[in-house]
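**Q** Have a look at the structure that comes next, please.
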Amino acid sequence: MPILGPRALRGSAIAQLNAQELMKQVGRHRRSALGFSLVDMLATLAVISTVAAIATPSAVDLVDSMRLGMALRDVERELQFARLKAVSTSRPMRVRFDCPSAGKLRVVELIGTPAAPDANDADTYLTRCSETTYPYLPTGADKSRLTRPNNDGPIRLLQPKTTFTASASWAKKTLEFWSDGSVHADAGTGNPWPNIGSAGVTITLSRKGKTKNITVNGLGKILQDR
C-alpha cells in the first residue's frame, strides 16, 4: 500500500470535510422540504384563531361607528344644502325625514308659501318623496322653470339600520328653511310654522346601539358630533 505524503493527506482531509459539509447541506435541504409538522400547524392555527377572536369585535365595532358617522355627514350635508338653497334662491326649502319611508330623507322646495303651503307640500303627501318620480312634476309633463318646484333634491338613503329621532316630536318629520336662513317646524299651531328658537332641535341618529347628534337652531346654525 503506497504511503501518502503530507500534501496527499491534507487533500484527503479537505475532501472529507467537503463531503461532510455537503451531507449536512443535503440533510438541511431534506428537512426543509418536509415542511411543518402537524403539531406546528395546529399551534399556528390556535394562535391565529385566538388573535382573530380578540380582534373581530373591535373591527365590527369600528365599522359600525364609521357607518353611523357616514349617515351623520349625509344628514348634515342635506341640511346645509337646504339652507343654502333657500338663501340663494329666495325660496323656502324643506328637509323631510323618513320620506317616503324610514331611513330616507329628501330636500324639497315649498311649492306654496310658508303662510299658505300647497297641498303637494303636506307631510302626508308621500308621492313628493317618491324615488320613481324624480324630479317631481306636480303638473305632469310641464318642465318649465316657471313651474315649481325647481330645486328639489334626490332621495338620500342612509346606512342600513339607521333611524331618526328628534328632541322635539313636532320637528321629527320636517324642518323648513326660509330665505333669511332661519329654521321653522310644524308645532301644530297653523301656518306659517314657528321658528324653532335658540335652543333649536337635536336630531339623533341611531344604529346598533350607537348614537350621534346634529343640532339645528332657529338661526340656521348646524352642528354635528365629531
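Residues are named by chain letter and number: chains run A, B, ... in the order of the C-alpha cells, numbers start at 1 in each chain, and ligands are numbered from 1 in the order shown.
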Name all residues at most 7 Å from Arg67 of chain A (count only C-alpha atoms; drop same-chain ones fewer than 4 positions away) and give them as a list in words.
**A**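 The contact residues come out as Val63, Ala71 and Gln159 of chain A.
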**Q** Write out, as a CSV table (one decimal), in the first residue's frame, the residues just selected, with N, CA and C atoms.
**A**
chain,number,residue,atom,x,y,z
A,63,VAL,N,-66.4,49.4,12.2
A,63,VAL,CA,-67.2,49.5,11.0
A,63,VAL,C,-68.5,50.1,11.3
A,71,ALA,N,-73.6,58.3,7.9
A,71,ALA,CA,-75.0,58.7,7.9
A,71,ALA,C,-75.2,60.1,8.5
A,159,GLN,N,-77.3,54.8,5.8
A,159,GLN,CA,-76.8,53.5,6.0
A,159,GLN,C,-77.8,52.6,6.6
**Q** Pick out the residues sitting within 12 Å of Arg77 of chain A, and hand them over as JSON, numbers by chain; count only C-alpha atoms, and ignore anything fewer than 5 positions along from it in its own chain.
**A** {"A": [70, 71, 72, 82, 83, 84, 85, 95, 105, 106, 107, 153, 156, 214, 222, 223, 224]}
**Q** Might you pull out every residue within 9 Å of Gly69 of chain A, with only C-alpha atoms counted and same-chain residues fewer than 3 positions away left off, and present them as a VMD selection string?
**A** chain A and resid 64 to 66 72 to 74 212 225 to 226
**Q** Could you give me the residues within segment 48-154 of chain A that DSSP places in strand (DSSP E or B), as a ChimeraX atom specification?
**A** /A:93-97,104-109
**Q** Just checking: using only C-alpha atoms, which residue out of A:Pro138, A:Gly190, A:Gly197, A:Pro149 ends up closest to Arg94 of chain A?
**A**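 Smallest separation from Arg94 of chain A among the options: A:Pro149.
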**Q** Can you list every residue in segment 27-182 of chain A that DSSP puts in alpha helix (DSSP H), as a count of residues only?
**A** 59
**Q** Can you work out which one of A:Cys129, A:Thr147, A:Ala115, A:Asn120 has the shortest atom-to-atom distance to Pro194 of chain A, counting only C-alpha atoms?
**A**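 So, comparing all the options, the nearest one is A:Ala115.
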**Q** Mind pulling up the distance from atom CA of Ser88 of chain A to atom CA of Lys173 of chain A?
**A**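 Interatomic distance, atom CA of Lys173 of chain A to atom CA of Ser88 of chain A: 23.9 Å.
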**Q** How many Å lie between atom CA of Asp61 of chain A and atom CA of Lys172 of chain A, rounded to one decimal?
**A**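 Atom CA of Lys172 of chain A lies 27.7 Å from atom CA of Asp61 of chain A.
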**Q** Measure the distance from atom CA of Pro160 of chain A to atom CA of Thr204 of chain A in Å and round it to one decimal.
**A**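 Between atom CA of Pro160 of chain A and atom CA of Thr204 of chain A the gap is 15.4 Å.
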**Q** Extract, using only C-alpha atoms, all DNA, RNA and protein residues at most 9 Å from Phe164 of chain A, discarding same-chain residues fewer than 3 positions from it, and format them as a compact mmCIF listing (two decimals) with C-alpha atoms, in the first residue's frame.
**A**
# COMPACT_ATOMS: atom_id res chain seq x y z
CA PHE A 97 -87.17 62.91 7.26
CA ASP A 98 -88.35 59.32 6.85
CA ALA A 102 -87.73 55.05 7.38
CA GLY A 103 -84.05 55.82 6.87
CA LYS A 172 -89.22 65.00 13.78
CA ILE A 203 -81.70 65.21 15.59
CA THR A 204 -80.36 61.89 16.86
CA LEU A 205 -79.22 59.15 14.51
CA SER A 206 -79.13 55.66 15.96
**Q** Determine, counting only C-alpha atoms, which protein, DNA and RNA residues have an atom within 12 Å of an atom of Gly188 of chain A; residues of the same chain fewer than 5 positions away are not included. Present the result as a ChimeraX atom specification.
**A** /A:169-171,193-194
